[in-house]
Amino acid sequence: MRRQQGEAQVGSPREQGLSGAMTRLANRYAVWRACAAPPATGFVSQPEPRSIGLVARGRQLLAGNFLLAGHLVEAPGTSIWDVPTGATAFHEAAQGFLWLDDLAAVADARARSVAQGWVLDWIARYGRGRGPGWTPDLTGRRLIRWINHAIFLMNGRSTEDNHAFFRALTVQVVFLSRRWQAAAPGLPRFEALTGLIYAGLALTGLDALTASAVTALAGECDREIDAEGGLPTRNPEELLEVFTLLNWAAQALGEVGQPLPPPIRQAIERIAPTLRALRHADGGLARFHGGGRGGEGRLDQALAASGVKALPGPGSAMGFLRLAAGRTTLIVDAAAPPGGRAGASAHASTLAFEMTSGRRPVIVSCGNGAPFGADWHRAGRATASHSTLAVEGYSSSRLDRGAVGMLADRADVTLLRPARTAEGQVLQLAQDGWRRTHGLIHGRLLVLSTDGRHIGGQDELRAESQADRARLETALGRSAAGKLRLALRFHLHPDVDAEIDMGGAAVSLALKSGEIWVFRHDRPRGLALEPSVYLEKGRISPRASRQIVVSAELDDFGCRIGWTLAKAQDTPLAIRDLERDDPPLLF
């Protein structure tokens, strides 16, 4: 039986047209030249795996359930290179070999045999430059996995098979030494350079190819990692990926006694406290600007490997602010969305927040819809997919019609005032995302009590100047009803059980931990529970969830909505949250 799902996303994000053809030709020529290099004959020292997979995913692969890049294909008994799907993203993900982590996690004889067969099959089919896997970033990603799991892959193989393995490794290292510059700045280039360093230092006779890569990686750290330890994309999960790669490069250099250039070490030291600031109480990362929560245990592992103990400072971290008290954390997007090439997956999420209580996410963003196709990708970027106030039909930042995927009309933060008072932590913010379209400024006040049991909020839209009021009157004149509708949204995690309570005046939120939170607002009407979605990698379709929506209309030249989210009085201060989450399901 063969079944395919998730075929909506068929196109490739990589270069197309004449430029893409020239790049592919240059890559193939570089592979052809690399094939003439004498192969490495062994490892400098026995490699050990540093990347961690999931046993559940590995067993699904062994059963013939292939889930890559949001596409599920059921094809038992089929090689991963023969999976019947036209989804380019699926085949590119297969070429990156992240799935090898999952087979290595199973670690039994069958998993080893399948992994060895698929690697040798790749060498026979693609080892001389064919297929979609010969890009610098995919090659770097693939090399890291091959080195990580080399013992797993070589165990019990013939001398001829092992020679083919080392020859293929050598070709990829030499290819990267000549083509890493073709990788796009940011994560793709970090992957390419780290793969080159990691594999070049691990294989005998190839260390000379890594010197320029180490220098280049240091230069990328200076260019891409800012003084706050953030990336231009403002994507927390991407920052974790870069941090992990830098850790691996540092460990590889240390193992052969080579010094670590100061820019790489300093970048690691800047990123670590930033990631701690972006981590919720449950250990997951804030889900903004195309990023997810991060793989289970990945953040803790990376922080431990770095050896950096520094805690976050009092200011913003990559444009986010973290409020924490008791068991509660709030992470607020307190900066403009990224622009330019860094903004290809930016979200219109300015002033939105996520909230976690202990191990339980409560208020969330919908997340990154890219794995589910172009329509979901676009929807996930909209303001309505985040927990904040929105003008109906308008995001606070809007797509540039002339540059596909880029945000052109971006909201700017006009007020950012964090403080500590006797009541707790107070954060005042404002952004001007609707000033150009409607003459309106969005102001948001958040107050987290000292014990973490009460969150007070106020959201306001107002026209401040005469010019703003004139623009608002023009916008109202364009409306058929002469009114402007607003919606204050709080997207809930799928595990939150929500019910309208108190005769429609409140919403009760029951968490799996046993905690009860109650949401109230100060409007005379307009409270509703509506459907929502939770978008996460590793699933073939969005998870159904719900959202609290407070609807309102603009009164005069402004509108103000006050609200609270508080633990019920009978919820104890300390809860032993012993209920285990179910293991991640692929379907």
# chains A, B, ... in the order shown; residues from 1 in each chain; ligands from 1

$ residues_around --residues "stretch 390-392 of chain A" --least-positions-apart "4" --cutoff "7 Å" --atoms "only C-alpha atoms" --output "list in words"
Thr383, Ala384, Arg485, Leu486, Ala487 and Leu488 of chain A

$ residues_around --residues "A:Phe353" --least-positions-apart "4" --cutoff "10 Å" --atoms "only C-alpha atoms" --output "short mmCIF file (atom, residue, chain, number, x, y, z; two decimals) with all heavy atoms, in the first residue's frame"
data_model
loop_
_atom_site.label_atom_id
_atom_site.label_comp_id
_atom_site.auth_asym_id
_atom_site.auth_seq_id
_atom_site.Cartn_x
_atom_site.Cartn_y
_atom_site.Cartn_z
N ALA A 286 10.31 30.07 22.40
CA ALA A 286 9.19 30.87 21.89
C ALA A 286 9.06 30.66 20.39
O ALA A 286 10.05 30.58 19.66
CB ALA A 286 9.44 32.35 22.20
N ARG A 287 7.82 30.56 19.92
CA ARG A 287 7.55 30.20 18.52
C ARG A 287 7.19 31.45 17.72
O ARG A 287 6.04 31.78 17.54
CB ARG A 287 6.43 29.16 18.45
CG ARG A 287 6.81 27.86 19.12
CD ARG A 287 5.65 26.90 19.35
NE ARG A 287 4.38 27.28 18.83
CZ ARG A 287 3.77 26.68 17.79
NH1 ARG A 287 4.35 25.68 17.17
NH2 ARG A 287 2.58 27.08 17.41
N PHE A 288 8.21 32.13 17.24
CA PHE A 288 8.01 33.35 16.46
C PHE A 288 8.88 33.31 15.21
O PHE A 288 9.93 32.67 15.17
CB PHE A 288 8.37 34.59 17.28
CG PHE A 288 7.41 34.91 18.39
CD1 PHE A 288 7.68 34.54 19.70
CD2 PHE A 288 6.23 35.60 18.14
CE1 PHE A 288 6.81 34.84 20.74
CE2 PHE A 288 5.34 35.91 19.16
CZ PHE A 288 5.64 35.53 20.46
N PHE A 320 13.05 40.28 21.88
CA PHE A 320 12.01 39.72 22.72
C PHE A 320 12.27 40.09 24.18
O PHE A 320 13.41 40.24 24.60
CB PHE A 320 11.97 38.19 22.60
CG PHE A 320 11.65 37.69 21.22
CD1 PHE A 320 12.66 37.41 20.32
CD2 PHE A 320 10.34 37.53 20.81
CE1 PHE A 320 12.38 36.97 19.05
CE2 PHE A 320 10.04 37.08 19.53
CZ PHE A 320 11.06 36.80 18.65
N LEU A 321 11.18 40.21 24.94
CA LEU A 321 11.29 40.46 26.38
C LEU A 321 10.63 39.31 27.13
O LEU A 321 9.56 38.83 26.73
CB LEU A 321 10.63 41.78 26.75
CG LEU A 321 11.48 43.03 26.46
CD1 LEU A 321 10.65 44.29 26.61
CD2 LEU A 321 12.68 43.11 27.39
N ARG A 322 11.28 38.91 28.20
CA ARG A 322 10.80 37.76 28.98
C ARG A 322 10.38 38.25 30.36
O ARG A 322 11.15 38.90 31.07
CB ARG A 322 11.92 36.72 29.10
CG ARG A 322 11.53 35.43 29.82
CD ARG A 322 12.74 34.49 29.78
NE ARG A 322 12.41 33.13 30.14
CZ ARG A 322 12.50 32.61 31.36
NH1 ARG A 322 12.94 33.37 32.35
NH2 ARG A 322 12.18 31.36 31.59
N LEU A 330 6.20 34.70 30.40
CA LEU A 330 5.66 35.36 29.22
C LEU A 330 6.84 35.78 28.36
O LEU A 330 7.82 36.33 28.88
CB LEU A 330 4.84 36.60 29.56
CG LEU A 330 3.38 36.45 29.99
CD1 LEU A 330 3.31 35.94 31.42
CD2 LEU A 330 2.66 37.78 29.85
N ILE A 331 6.76 35.52 27.07
CA ILE A 331 7.77 36.01 26.13
C ILE A 331 7.05 36.84 25.08
O ILE A 331 6.10 36.38 24.44
CB ILE A 331 8.56 34.85 25.50
CG1 ILE A 331 9.33 34.10 26.59
CG2 ILE A 331 9.52 35.38 24.43
CD1 ILE A 331 10.14 32.93 26.11
N VAL A 332 7.49 38.11 24.96
CA VAL A 332 6.78 39.11 24.16
C VAL A 332 7.65 39.52 22.98
O VAL A 332 8.85 39.79 23.14
CB VAL A 332 6.46 40.35 25.01
CG1 VAL A 332 5.59 41.32 24.23
CG2 VAL A 332 5.79 39.96 26.32
N ASP A 333 7.05 39.57 21.80
CA ASP A 333 7.75 40.09 20.62
C ASP A 333 7.71 41.61 20.69
O ASP A 333 6.68 42.24 20.47
CB ASP A 333 7.06 39.60 19.34
CG ASP A 333 7.85 39.96 18.08
OD1 ASP A 333 8.81 40.73 18.19
OD2 ASP A 333 7.49 39.47 17.00
N ALA A 334 8.86 42.21 21.01
CA ALA A 334 8.92 43.63 21.32
C ALA A 334 9.79 44.40 20.34
O ALA A 334 10.45 45.38 20.70
CB ALA A 334 9.44 43.83 22.74
N SER A 349 3.93 39.80 14.07
CA SER A 349 3.63 39.40 15.45
C SER A 349 4.01 40.46 16.48
O SER A 349 4.07 40.15 17.68
CB SER A 349 4.37 38.10 15.77
OG SER A 349 5.75 38.23 15.51
N ILE A 363 -0.92 30.09 26.43
CA ILE A 363 -1.14 31.03 25.33
C ILE A 363 0.02 30.86 24.34
O ILE A 363 1.19 30.91 24.74
CB ILE A 363 -1.19 32.48 25.83
CG1 ILE A 363 -2.21 32.63 26.97
CG2 ILE A 363 -1.51 33.43 24.68
CD1 ILE A 363 -3.63 32.35 26.58
N VAL A 364 -0.30 30.69 23.06
CA VAL A 364 0.73 30.38 22.07
C VAL A 364 0.51 31.21 20.81
O VAL A 364 -0.51 31.89 20.66
CB VAL A 364 0.71 28.88 21.70
CG1 VAL A 364 1.02 28.01 22.91
CG2 VAL A 364 -0.66 28.48 21.10
N SER A 365 1.47 31.13 19.91
CA SER A 365 1.28 31.57 18.53
C SER A 365 0.88 30.34 17.72
O SER A 365 1.21 29.21 18.09
CB SER A 365 2.57 32.16 17.97
OG SER A 365 3.05 33.21 18.78
N HIS A 386 -1.56 35.25 15.91
CA HIS A 386 -0.77 35.50 17.12
C HIS A 386 -1.67 36.05 18.22
O HIS A 386 -2.78 36.49 17.96
CB HIS A 386 0.37 36.47 16.80
CG HIS A 386 1.31 35.95 15.75
ND1 HIS A 386 1.05 36.07 14.41
CD2 HIS A 386 2.49 35.29 15.87
CE1 HIS A 386 2.04 35.50 13.72
NE2 HIS A 386 2.92 35.02 14.58
N SER A 387 -1.16 35.99 19.42
CA SER A 387 -1.95 36.39 20.58
C SER A 387 -1.77 37.87 20.85
O SER A 387 -0.94 38.29 21.67
CB SER A 387 -1.56 35.53 21.80
OG SER A 387 -1.88 34.18 21.55
N THR A 388 -2.56 38.66 20.15
CA THR A 388 -2.49 40.11 20.25
C THR A 388 -3.75 40.71 19.65
O THR A 388 -4.65 40.00 19.20
CB THR A 388 -1.23 40.65 19.55
OG1 THR A 388 -1.10 42.04 19.82
CG2 THR A 388 -1.27 40.41 18.05
N LEU A 446 1.20 45.01 29.99
CA LEU A 446 1.21 43.68 30.59
C LEU A 446 1.78 43.78 31.99
O LEU A 446 2.81 44.44 32.21
CB LEU A 446 2.07 42.71 29.76
CG LEU A 446 1.60 42.43 28.33
CD1 LEU A 446 2.67 41.66 27.56
CD2 LEU A 446 0.29 41.65 28.34
N PHE A 490 -6.32 35.30 21.83
CA PHE A 490 -5.40 34.52 22.66
C PHE A 490 -5.49 33.07 22.19
O PHE A 490 -6.45 32.36 22.51
CB PHE A 490 -5.77 34.63 24.15
CG PHE A 490 -5.76 36.03 24.69
CD1 PHE A 490 -6.89 36.84 24.59
CD2 PHE A 490 -4.62 36.55 25.28
CE1 PHE A 490 -6.88 38.13 25.07
CE2 PHE A 490 -4.61 37.85 25.77
CZ PHE A 490 -5.74 38.65 25.67
N HIS A 491 -4.52 32.65 21.40
CA HIS A 491 -4.52 31.28 20.88
C HIS A 491 -4.07 30.33 21.99
O HIS A 491 -3.10 30.60 22.71
CB HIS A 491 -3.59 31.18 19.68
CG HIS A 491 -4.06 31.96 18.50
ND1 HIS A 491 -4.94 31.45 17.56
CD2 HIS A 491 -3.81 33.24 18.11
CE1 HIS A 491 -5.19 32.37 16.64
NE2 HIS A 491 -4.52 33.46 16.95
#

$ residues_around --residues "A:Thr450" --least-positions-apart "3" --cutoff "8 Å" --atoms "only C-alpha atoms" --output "list in words"
Ala325, Gly326, Glu423, Gly424, Gln425 and Arg453 of chain A

$ write_last_selection --atoms "C-alpha atoms" --output "PDB file, in the first residue's frame"
ATOM      1  CA  ALA A 325       7.573  34.843  38.175  1.00  0.00           C
ATOM      2  CA  GLY A 326       6.666  31.706  40.079  1.00  0.00           C
ATOM      3  CA  GLU A 423       2.638  44.721  41.889  1.00  0.00           C
ATOM      4  CA  GLY A 424       5.220  42.803  39.882  1.00  0.00           C
ATOM      5  CA  GLN A 425       6.779  43.166  36.456  1.00  0.00           C
ATOM      6  CA  ARG A 453      -0.528  33.757  39.502  1.00  0.00           C
TER       7      ARG A 453
END

$ residues_around --residues "stretch 41-51 of chain A" --least-positions-apart "6" --cutoff "8 Å" --atoms "only C-alpha atoms" --output "MDAnalysis selection string"
chainID A and resid 101 145 147:151 163 166 201:204

$ write_last_selection --atoms "N, CA and C atoms" --output "tab-separated table (two decimals), in the first residue's frame"
chain	number	residue	atom	x	y	z
A	101	ASP	N	19.74	10.21	12.23
A	101	ASP	CA	19.71	10.30	13.71
A	101	ASP	C	18.65	9.37	14.28
A	145	ARG	N	26.13	14.20	9.76
A	145	ARG	CA	25.44	12.96	10.17
A	145	ARG	C	26.28	11.73	9.83
A	147	ILE	N	29.53	11.52	9.71
A	147	ILE	CA	30.63	11.44	10.68
A	147	ILE	C	30.09	11.03	12.05
A	148	ASN	N	28.99	11.64	12.46
A	148	ASN	CA	28.40	11.31	13.77
A	148	ASN	C	28.14	9.82	13.91
A	149	HIS	N	27.62	9.21	12.86
A	149	HIS	CA	27.16	7.82	12.95
A	149	HIS	C	28.05	6.88	12.12
A	150	ALA	N	29.32	7.25	11.95
A	150	ALA	CA	30.23	6.46	11.10
A	150	ALA	C	30.39	5.03	11.62
A	151	ILE	N	30.54	4.86	12.90
A	151	ILE	CA	30.72	3.51	13.45
A	151	ILE	C	29.47	2.67	13.21
A	163	HIS	N	35.65	1.44	1.86
A	163	HIS	CA	36.44	2.28	0.95
A	163	HIS	C	35.52	3.24	0.20
A	166	PHE	N	34.52	6.10	2.59
A	166	PHE	CA	35.56	7.12	2.77
A	166	PHE	C	35.76	7.94	1.50
A	201	LEU	N	38.41	17.79	9.75
A	201	LEU	CA	39.28	17.49	10.90
A	201	LEU	C	39.16	16.04	11.34
A	202	ALA	N	38.04	15.38	11.02
A	202	ALA	CA	37.84	14.00	11.45
A	202	ALA	C	38.54	13.00	10.54
A	203	LEU	N	38.76	13.35	9.27
A	203	LEU	CA	39.30	12.42	8.28
A	203	LEU	C	40.80	12.64	8.08
A	204	THR	N	41.53	11.57	7.90
A	204	THR	CA	42.97	11.67	7.73
A	204	THR	C	43.31	12.38	6.43

$ closest_residue --among "A:Phe557, A:Ser449, A:Trp122, A:Ile548" --to "A:Leu476" --atoms "only C-alpha atoms"
A:Phe557

$ select_by_dssp --residues "stretch 283-405 of chain A" --states "strand (DSSP E or B)" --output "list in words"
Leu285, Ala317, Phe320, Leu321, Arg322, Leu323, Ala324, Ala325, Thr328, Thr329, Leu330, Ile331, Val332, Asp333, Phe353, Glu354, Met355, Thr356, Ser357, Arg360, Pro361, Val362, Ile363, Val364, Leu389, Ala390, Val391, Arg398 and Leu399 of chain A

$ atom_distance --atom1 "atom CA of A:Leu68" --atom2 "atom CA of A:Leu54"
13.9 Å

$ residues_around --residues "stretch 237-253 of chain A" --least-positions-apart "3" --cutoff "8 Å" --atoms "only C-alpha atoms" --output "MDAnalysis selection string"
chainID A and resid 187 190:191 194 197:198 201:202 230:231 234 256:260 264:265 268 271:272 275 285 287 291:294 299 302 305:306

$ write_last_selection --atoms "C-alpha atoms" --output "CSV table (one decimal), in the first residue's frame"
chain,number,residue,atom,x,y,z
A,187,LEU,CA,22.0,29.2,8.7
A,190,PHE,CA,26.9,28.0,9.0
A,191,GLU,CA,25.8,24.5,8.0
A,194,THR,CA,30.6,23.5,10.1
A,197,ILE,CA,35.4,21.8,9.5
A,198,TYR,CA,33.8,18.9,11.3
A,201,LEU,CA,39.3,17.5,10.9
A,202,ALA,CA,37.8,14.0,11.4
A,230,GLY,CA,20.7,37.3,18.0
A,231,LEU,CA,20.3,36.6,14.3
A,234,ARG,CA,14.9,36.8,14.9
A,256,VAL,CA,42.6,18.0,17.4
A,257,GLY,CA,44.3,20.7,19.6
A,258,GLN,CA,43.6,23.6,17.3
A,259,PRO,CA,42.8,27.0,18.9
A,260,LEU,CA,39.2,28.3,18.7
A,264,ILE,CA,33.5,31.9,17.4
A,265,ARG,CA,33.9,31.6,21.1
A,268,ILE,CA,28.8,31.2,21.6
A,271,ILE,CA,24.1,33.3,22.1
A,272,ALA,CA,23.8,31.2,25.3
A,275,LEU,CA,18.6,31.3,24.2
A,285,LEU,CA,11.6,28.0,22.7
A,287,ARG,CA,7.6,30.2,18.5
A,291,GLY,CA,10.7,29.0,14.6
A,292,GLY,CA,9.3,26.1,16.5
A,293,ARG,CA,9.8,24.9,20.1
A,294,GLY,CA,13.0,23.1,19.2
A,299,LEU,CA,18.4,23.3,23.9
A,302,ALA,CA,23.5,22.6,23.5
A,305,ALA,CA,27.9,21.5,25.6
A,306,SER,CA,28.8,25.2,25.4

$ residues_around --residues "A:Ala317" --least-positions-apart "6" --cutoff "9 Å" --atoms "only C-alpha atoms" --output "PyMOL selection string"
chain A and resi 228-230+273-275+277-278
